[in-house]
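For reference, the structure is listed below as structure tokens.
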Amino acid sequence: MTTALEVKVDVGGGEATLRMTGDVDREAGAALDRAYSEAAAAGAASLTLDFTAVPYINSTGIALIVGLLGRARGAGVPVTARGLTEHYREIFEITRLSDFMTIEAGAPAPEGSRR
Amino acid sequence: MSSVAHSLRRIVTRGRTAPAVAASVAEPGRAPAPASAAMPVDIAPNDPIIPYFQSAAGAVDIEALELDSPALAAMRAAGVKLVVPLVTQGELIGLLNLGPRLSDQDYSGDDRRLLESLAAQAAPAVRVGQLVREQEAEIRSRERLEQELAVARLIQQNFLPRSLPEAAGWSVAADYRPAREVGGDFYDFIDLPDGRLGIVVGDVTDKGVPAALVMAATRSVLRASAQRLVEPGAVLERVNEHLVPDIPPNMFVTCLYGVLELDTGRLVFANAGHNLPMVAAGGAVTELMARGMPLGLMTGMAYEETEAVLDPGAHLLLYSDGVTEAHDADREMFGGGRLSAVMAEGGTRRGDDLLRTLIAALGAFCAPGAEQEDDITLVAIRRESGSAAVLAEVSVASEPGNEREAIRQLEPALMGAGLSAGRLERMKTAVAEAVMNAMEHGNGFRPELPVDVRLVRDGDALRVEVTDRGSARPMPDAPEPDIEAKLAGEQTPRGWGLFLIRNMVDELDVSGDDEHHTTRLVMRLEGGRDDDRA
């Protein structure tokens with residue numbers, strides 16, 4: 001029932017964008033690792049995580065993002081999050097992830113969560 | 001004097017020139033001296049000869065001594081001629097008693113000097129031996145005491161209810177904390193016919209095994225009587241008649257027994273000298289009064305009955321004096337006033353929540369690090385507000401990812417519950433995290449163990465209860481996540497679950513028994529107002 005995360009890496013002009021499709025949960029670790037390595041190998045100087053097609057992030061997913069952010073900061077690569085719903089923007093604020101990455105103005109909440 | 005008597009021990013020895021006679025203070029149950037020695041002489045602790053020997057400056061000629069002392073007479077009768085006191089550090093610890101010289105001559109000055117020098121060397125050595133023996137005895141008695149405490153604890157815990165009664169529309173909570181010396185507190189719930197529940201809280205005076213045994217007897221008689229008699233007053237009368245002939249002297253039992261009609265909230269109770277129950281209802285706290293003598297004191301006692309009705313939302317608290325008589329650092333007692341104040345504030349919450357608040361208030365009141373003086377027993381019974389309704393019940397197997405299945409099944413009921421869009425999202429995240437914790441930490445991802453989720457609307461709040469089959473193992477208490485430490489690799493990147501839940505809902509509490517953990521998430525309904533923070 002979980003949709004395994006797929007990550008497409010777009011590199012251009014020294015910037016890498018990780019376009020994620022699916023859930024960021026415990027199954028997402030390998031895909032995120034691979035994508036990060038690909039971006040790093042391409043010599044990206046900055047990284048954008050695109051959550052537009054991510055309907056669900058749980059605490060394990062937060063841990064994966066923290067891990068990825070830690071590696072990027074170690075390499076001096078700034079990270080931006082794009083396409084977060086209002087709810088997950090709030091969670092990025094509560095966890096203070098937003099203090100260590102740029103949060104771009106988000107997309108509307110996914111279908112079904114608004115009454 | 002008592003220290004002298006305490007350190008005096010029988011010394012059996014043989015003189016250089018004559019058979020010695022042993023002296024000892026009265027010590028019942030000791031084996032007689034070996035046949036090779038003469039009859040031992042017992043010296044009473046208050047015999048004037050003891051201070052005399054203690055201050056004597058060497059060997060004492062018994063025949064020349066003039067003293068009104070029974071021991072002196074006994075020594076003479078036993079043929080003692082010369083006594084050399086064994087004194088070390090100003091303390092008389094024994095006597096070297098000598099009979100007549102074999103040559104029938106008197107003891108010479110040389111004899112006396114030799115004996116005195118012998119005594120001066122022997123006394124400290126004998127004292128060391130005595131101290132070692134005393135210490136060994138003390139260790140043995142301490143071990144016996146510890147063992148007795150363990151037995152008392154075992155008896156007591158064996159007779160406390162293993163589970164709490166579950167009744168629709170009621171929440172029942174109990175907390176029992178034994179003091180190290182285990183007092184005689186107890187509580188009990190008795191299932192009665194016609195939808196009634198018997199409630200017992202009691203306290204046996206005295207501590208340890210005797211108190212635990214009386215507690216067990218009281219509980220059994222009370223259980224039996226409660227099945228046969230309807231009126232609580234009559235039940236206590238019956239228990240009292242049973243206890244009086246058998247209870248050890250100086251021991252009695254305070255006990256409160258109530259019968260609660262679950263469908264009407266009508267409570268009838270009688271009281272045998274126990275702390276009075278408190279009721280919090282409509283913002284006020286009242287003490288319910290009923291008079292009666294403690295159980296086990298004398299026969300023919302009557303017990304007044306009092307009736308009260310617990311309306312929806314009312315909260316009944318029963319407790320033992322270990323609560324109100326807990327002291328702070330200045331020896332001031334916690335008292336009924338403080339208890340009632342906590343009740344007034346926490347009375348509207350669930351029973352287990354109230355008890356936690358009470359225990360925390362007690363802990364904050366008592367001197368830090370102080371040992372708990374007496375058993376503490378608390379029983380809280382709350383009649384739920386009338387509008388509590390189960391909106392959905394969902395069960396999922398403990399397999400990774402199944403938290404989403406739980407959310408999917410719960411979502412229709414959640415969406416119809418009247419939460420604003422933002423709060424709905426928060427509730428979903430909180431429930432997902434709670435289910436993940438339950439599957440992983442409670443059930444160890446064993447697929448055959450289900451996680452049950454219940455969505456309840458209780459008055460103006462929405463409550464989700466997530467229950468796993470975790471045994472007595474406590475849920476891991478993760479440290480507050482620190483993003484800086486996590487990014488620097490000094491803290492695991494994980495550990496966000498409880499933190500997220502806490503930040504998503506209005507109230508979070510985790511409780512458990514021997515077979516389950518239950519996480520309760522509460523979110524107040526704000527009348528459909530959209531109060532999204534983001």
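Lettering and numbering for the structure tokens are positional, with chains as A, B, ... in the shown order, residues counted from 1 in each chain, and ligands counted from 1 in the shown order.
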Which residues of chain A have any atom within 10 Å of an atom in chain B when counting only C-alpha atoms, and what is the closest pair of atoms for each, with the distance in Å to one decimal? Order the rows by chain and rising number and write it as a Markdown table.
```
| residue | atom | partner | partner_atom | distance |
| --- | --- | --- | --- | --- |
| A:Met1 | CA | B:Glu405 | CA | 7.3 |
| A:Thr2 | CA | B:Gly401 | CA | 6.2 |
| A:Thr3 | CA | B:Gly401 | CA | 9.7 |
| A:Asp25 | CA | B:Gly401 | CA | 8.2 |
| A:Arg26 | CA | B:Gly401 | CA | 8.2 |
| A:Glu27 | CA | B:Gly401 | CA | 8.6 |
| A:Tyr56 | CA | B:Thr429 | CA | 9.0 |
| A:Ile57 | CA | B:Thr429 | CA | 8.7 |
| A:Asn58 | CA | B:Glu433 | CA | 7.1 |
| A:Ser59 | CA | B:Trp496 | CA | 5.3 |
| A:Thr60 | CA | B:Arg494 | CA | 6.4 |
| A:Gly61 | CA | B:Arg494 | CA | 8.9 |
| A:Ile62 | CA | B:Trp496 | CA | 7.5 |
| A:Ala63 | CA | B:Arg494 | CA | 4.8 |
| A:Leu64 | CA | B:Pro493 | CA | 7.2 |
| A:Ile65 | CA | B:Pro493 | CA | 8.6 |
| A:Val66 | CA | B:Pro493 | CA | 6.0 |
| A:Gly67 | CA | B:Pro493 | CA | 6.1 |
| A:Leu68 | CA | B:Leu487 | CA | 8.9 |
| A:Leu69 | CA | B:Leu487 | CA | 7.1 |
| A:Gly70 | CA | B:Leu487 | CA | 4.5 |
| A:Arg71 | CA | B:Leu487 | CA | 8.1 |
| A:Ala72 | CA | B:Leu487 | CA | 9.8 |
| A:Arg73 | CA | B:Leu487 | CA | 8.2 |
| A:Gly74 | CA | B:Ala488 | CA | 8.5 |
| A:Glu86 | CA | B:Ala534 | CA | 6.5 |
| A:His87 | CA | B:Glu425 | CA | 6.5 |
| A:Tyr88 | CA | B:Glu425 | CA | 9.2 |
| A:Arg89 | CA | B:Ala534 | CA | 7.8 |
| A:Glu90 | CA | B:Ala534 | CA | 6.1 |
| A:Ile91 | CA | B:Leu500 | CA | 7.7 |
| A:Glu93 | CA | B:Ala534 | CA | 9.5 |
| A:Ile94 | CA | B:Asn503 | CA | 7.5 |
| A:Thr95 | CA | B:Ile483 | CA | 7.1 |
| A:Arg96 | CA | B:Ile483 | CA | 6.7 |
| A:Leu97 | CA | B:Ile483 | CA | 7.2 |
| A:Asp99 | CA | B:Ile483 | CA | 9.3 |
| A:Phe100 | CA | B:Glu484 | CA | 9.1 |
| A:Ala109 | CA | B:Ala421 | CA | 9.3 |
| A:Gly112 | CA | B:Met415 | CA | 9.4 |
| A:Ser113 | CA | B:Ala421 | CA | 6.5 |
| A:Arg114 | CA | B:Ala421 | CA | 5.3 |
| A:Arg115 | CA | B:Ala421 | CA | 6.5 |
```
At most 12 Å is the cut-off: for each residue in segment 356-441 of chain B with any atom that close to an atom of segment 313-326 of chain B, write down the nearest atom pair and the distance in Å rounded to one decimal, counting only C-alpha atoms, chain first then increasing number, as JSON lines.
```
{"residue": "B:Leu358", "atom": "CA", "partner": "B:Val323", "partner_atom": "CA", "distance": 9.2}
{"residue": "B:Ile359", "atom": "CA", "partner": "B:Val323", "partner_atom": "CA", "distance": 8.9}
{"residue": "B:Ala360", "atom": "CA", "partner": "B:Val323", "partner_atom": "CA", "distance": 11.8}
{"residue": "B:Ala361", "atom": "CA", "partner": "B:Val323", "partner_atom": "CA", "distance": 10.5}
{"residue": "B:Leu362", "atom": "CA", "partner": "B:Val323", "partner_atom": "CA", "distance": 7.5}
{"residue": "B:Gly363", "atom": "CA", "partner": "B:Ala326", "partner_atom": "CA", "distance": 9.6}
{"residue": "B:Ala364", "atom": "CA", "partner": "B:Ala326", "partner_atom": "CA", "distance": 11.2}
{"residue": "B:Phe365", "atom": "CA", "partner": "B:Ala326", "partner_atom": "CA", "distance": 8.4}
{"residue": "B:Cys366", "atom": "CA", "partner": "B:Ala326", "partner_atom": "CA", "distance": 6.8}
{"residue": "B:Ala367", "atom": "CA", "partner": "B:Ala326", "partner_atom": "CA", "distance": 9.6}
{"residue": "B:Ala370", "atom": "CA", "partner": "B:Ala326", "partner_atom": "CA", "distance": 10.3}
{"residue": "B:Glu371", "atom": "CA", "partner": "B:Ala326", "partner_atom": "CA", "distance": 10.3}
{"residue": "B:Gln372", "atom": "CA", "partner": "B:Ala326", "partner_atom": "CA", "distance": 7.7}
{"residue": "B:Glu373", "atom": "CA", "partner": "B:Ala326", "partner_atom": "CA", "distance": 6.9}
{"residue": "B:Asp374", "atom": "CA", "partner": "B:Gly322", "partner_atom": "CA", "distance": 5.0}
{"residue": "B:Asp375", "atom": "CA", "partner": "B:Gly322", "partner_atom": "CA", "distance": 5.4}
{"residue": "B:Ile376", "atom": "CA", "partner": "B:Gly322", "partner_atom": "CA", "distance": 4.7}
{"residue": "B:Thr377", "atom": "CA", "partner": "B:Ser320", "partner_atom": "CA", "distance": 5.3}
{"residue": "B:Leu378", "atom": "CA", "partner": "B:Tyr319", "partner_atom": "CA", "distance": 4.5}
{"residue": "B:Val379", "atom": "CA", "partner": "B:Leu318", "partner_atom": "CA", "distance": 5.1}
{"residue": "B:Ala380", "atom": "CA", "partner": "B:Leu317", "partner_atom": "CA", "distance": 4.6}
{"residue": "B:Ile381", "atom": "CA", "partner": "B:Leu316", "partner_atom": "CA", "distance": 5.1}
{"residue": "B:Arg382", "atom": "CA", "partner": "B:His315", "partner_atom": "CA", "distance": 4.3}
{"residue": "B:Arg383", "atom": "CA", "partner": "B:Gly313", "partner_atom": "CA", "distance": 5.3}
{"residue": "B:Glu384", "atom": "CA", "partner": "B:Gly313", "partner_atom": "CA", "distance": 5.2}
{"residue": "B:Ser385", "atom": "CA", "partner": "B:Gly313", "partner_atom": "CA", "distance": 4.7}
{"residue": "B:Gly386", "atom": "CA", "partner": "B:Gly313", "partner_atom": "CA", "distance": 7.8}
{"residue": "B:Ser387", "atom": "CA", "partner": "B:Gly313", "partner_atom": "CA", "distance": 10.2}
{"residue": "B:Ala388", "atom": "CA", "partner": "B:Gly313", "partner_atom": "CA", "distance": 10.7}
```
Next item on the list: Please provide as a VMD selection string all residues within 6 Å of segment 287-291 of chain B, with the sequence filter that same-chain residues fewer than 6 positions apart are discarded (counting only C-alpha atoms).
Entry: chain B and resid 271 277 to 278 304 306
Next item on the list: Please give the complete set of residues from chain A that DSSP, run on the backbone, assigns to alpha helix (DSSP H), formatted as a PyMOL selection string.
Entry: chain A and resi 29-41+59-74+86-94
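The gap separating atom CA of Ser171 of chain B from atom CA of Val230 of chain B is 23.7 Å, in Å to one decimal.
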Check: Near Leu47 of chain A, within 7 Å and counting only C-alpha atoms, which residues show up once chain neighbours fewer than 5 positions away are dropped, as a PyMOL selection string?
Finding: chain A and resi 15-17+77-80
What would the file look like if the residues just selected were written as a PDB file, in the first residue's frame with N, CA and C atoms?
```
ATOM      1  N   GLU A  15      23.301  23.083 -10.459  1.00  0.00           N
ATOM      2  CA  GLU A  15      22.222  22.812  -9.508  1.00  0.00           C
ATOM      3  C   GLU A  15      21.647  21.435  -9.771  1.00  0.00           C
ATOM      4  N   ALA A  16      21.321  20.735  -8.677  1.00  0.00           N
ATOM      5  CA  ALA A  16      20.653  19.444  -8.844  1.00  0.00           C
ATOM      6  C   ALA A  16      19.277  19.518  -8.203  1.00  0.00           C
ATOM      7  N   THR A  17      18.276  18.969  -8.880  1.00  0.00           N
ATOM      8  CA  THR A  17      16.936  18.884  -8.304  1.00  0.00           C
ATOM      9  C   THR A  17      16.551  17.414  -8.188  1.00  0.00           C
ATOM     10  N   VAL A  77      26.981  22.175   0.545  1.00  0.00           N
ATOM     11  CA  VAL A  77      25.973  22.339  -0.505  1.00  0.00           C
ATOM     12  C   VAL A  77      24.667  22.813   0.125  1.00  0.00           C
ATOM     13  N   PRO A  78      24.178  24.011  -0.227  1.00  0.00           N
ATOM     14  CA  PRO A  78      22.910  24.477   0.328  1.00  0.00           C
ATOM     15  C   PRO A  78      21.719  23.683  -0.227  1.00  0.00           C
ATOM     16  N   VAL A  79      20.692  23.517   0.616  1.00  0.00           N
ATOM     17  CA  VAL A  79      19.543  22.690   0.244  1.00  0.00           C
ATOM     18  C   VAL A  79      18.270  23.526   0.298  1.00  0.00           C
ATOM     19  N   THR A  80      17.411  23.321  -0.707  1.00  0.00           N
ATOM     20  CA  THR A  80      16.113  23.988  -0.753  1.00  0.00           C
ATOM     21  C   THR A  80      15.031  22.916  -0.814  1.00  0.00           C
TER      22      THR A  80
END
```
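Distance-wise, atom CA of Val253 of chain B and atom CA of Ala216 of chain B end up 11.4 Å apart.
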Note to self: Let's see if you can do this: from backbone DSSP, list all strand (DSSP E) residues in segment 45-112 of chain A, as a PyMOL selection string.
What the structure shows: chain A and resi 46-53+79-82+102-103
Could you pull the residues within 7 Å of Gly14 of chain A, counting only C-alpha atoms, minus those fewer than 6 positions along the same chain, as an mmCIF file with N, CA and C atoms, in the first residue's frame?
```cif
data_model
loop_
_atom_site.group_PDB
_atom_site.id
_atom_site.type_symbol
_atom_site.label_atom_id
_atom_site.label_comp_id
_atom_site.auth_asym_id
_atom_site.auth_seq_id
_atom_site.Cartn_x
_atom_site.Cartn_y
_atom_site.Cartn_z
ATOM 1 N N GLY A 43 28.643 16.910 -9.284
ATOM 2 C CA GLY A 43 29.293 18.126 -8.807
ATOM 3 C C GLY A 43 28.334 19.265 -8.547
ATOM 4 N N ALA A 44 27.084 18.927 -8.192
ATOM 5 C CA ALA A 44 26.099 19.976 -7.937
ATOM 6 C C ALA A 44 26.534 20.862 -6.785
ATOM 7 N N ALA A 45 26.410 22.178 -6.952
ATOM 8 C CA ALA A 45 26.802 23.111 -5.895
ATOM 9 C C ALA A 45 25.617 23.474 -5.016
ATOM 10 N N SER A 46 24.416 23.172 -5.494
ATOM 11 C CA SER A 46 23.244 23.348 -4.636
ATOM 12 C C SER A 46 22.229 22.263 -4.972
#
```
Note to self: With only C-alpha atoms as the counted atoms, please give the residues lying no more than 6 Å from Leu18 of chain A, apart from itself and same-chain residues fewer than 6 positions off, as number ranges by chain.
What the structure shows: A: 8-9, 49-50
Next item on the list: Could you give me, as an MDAnalysis selection string, the residues within 12 Å of Asn158 of chain B, counting only C-alpha atoms and dropping anything in the same chain fewer than 3 positions from it?
Entry: chainID B and resid 151:155 161:162 186:188 212:213 215:216 219
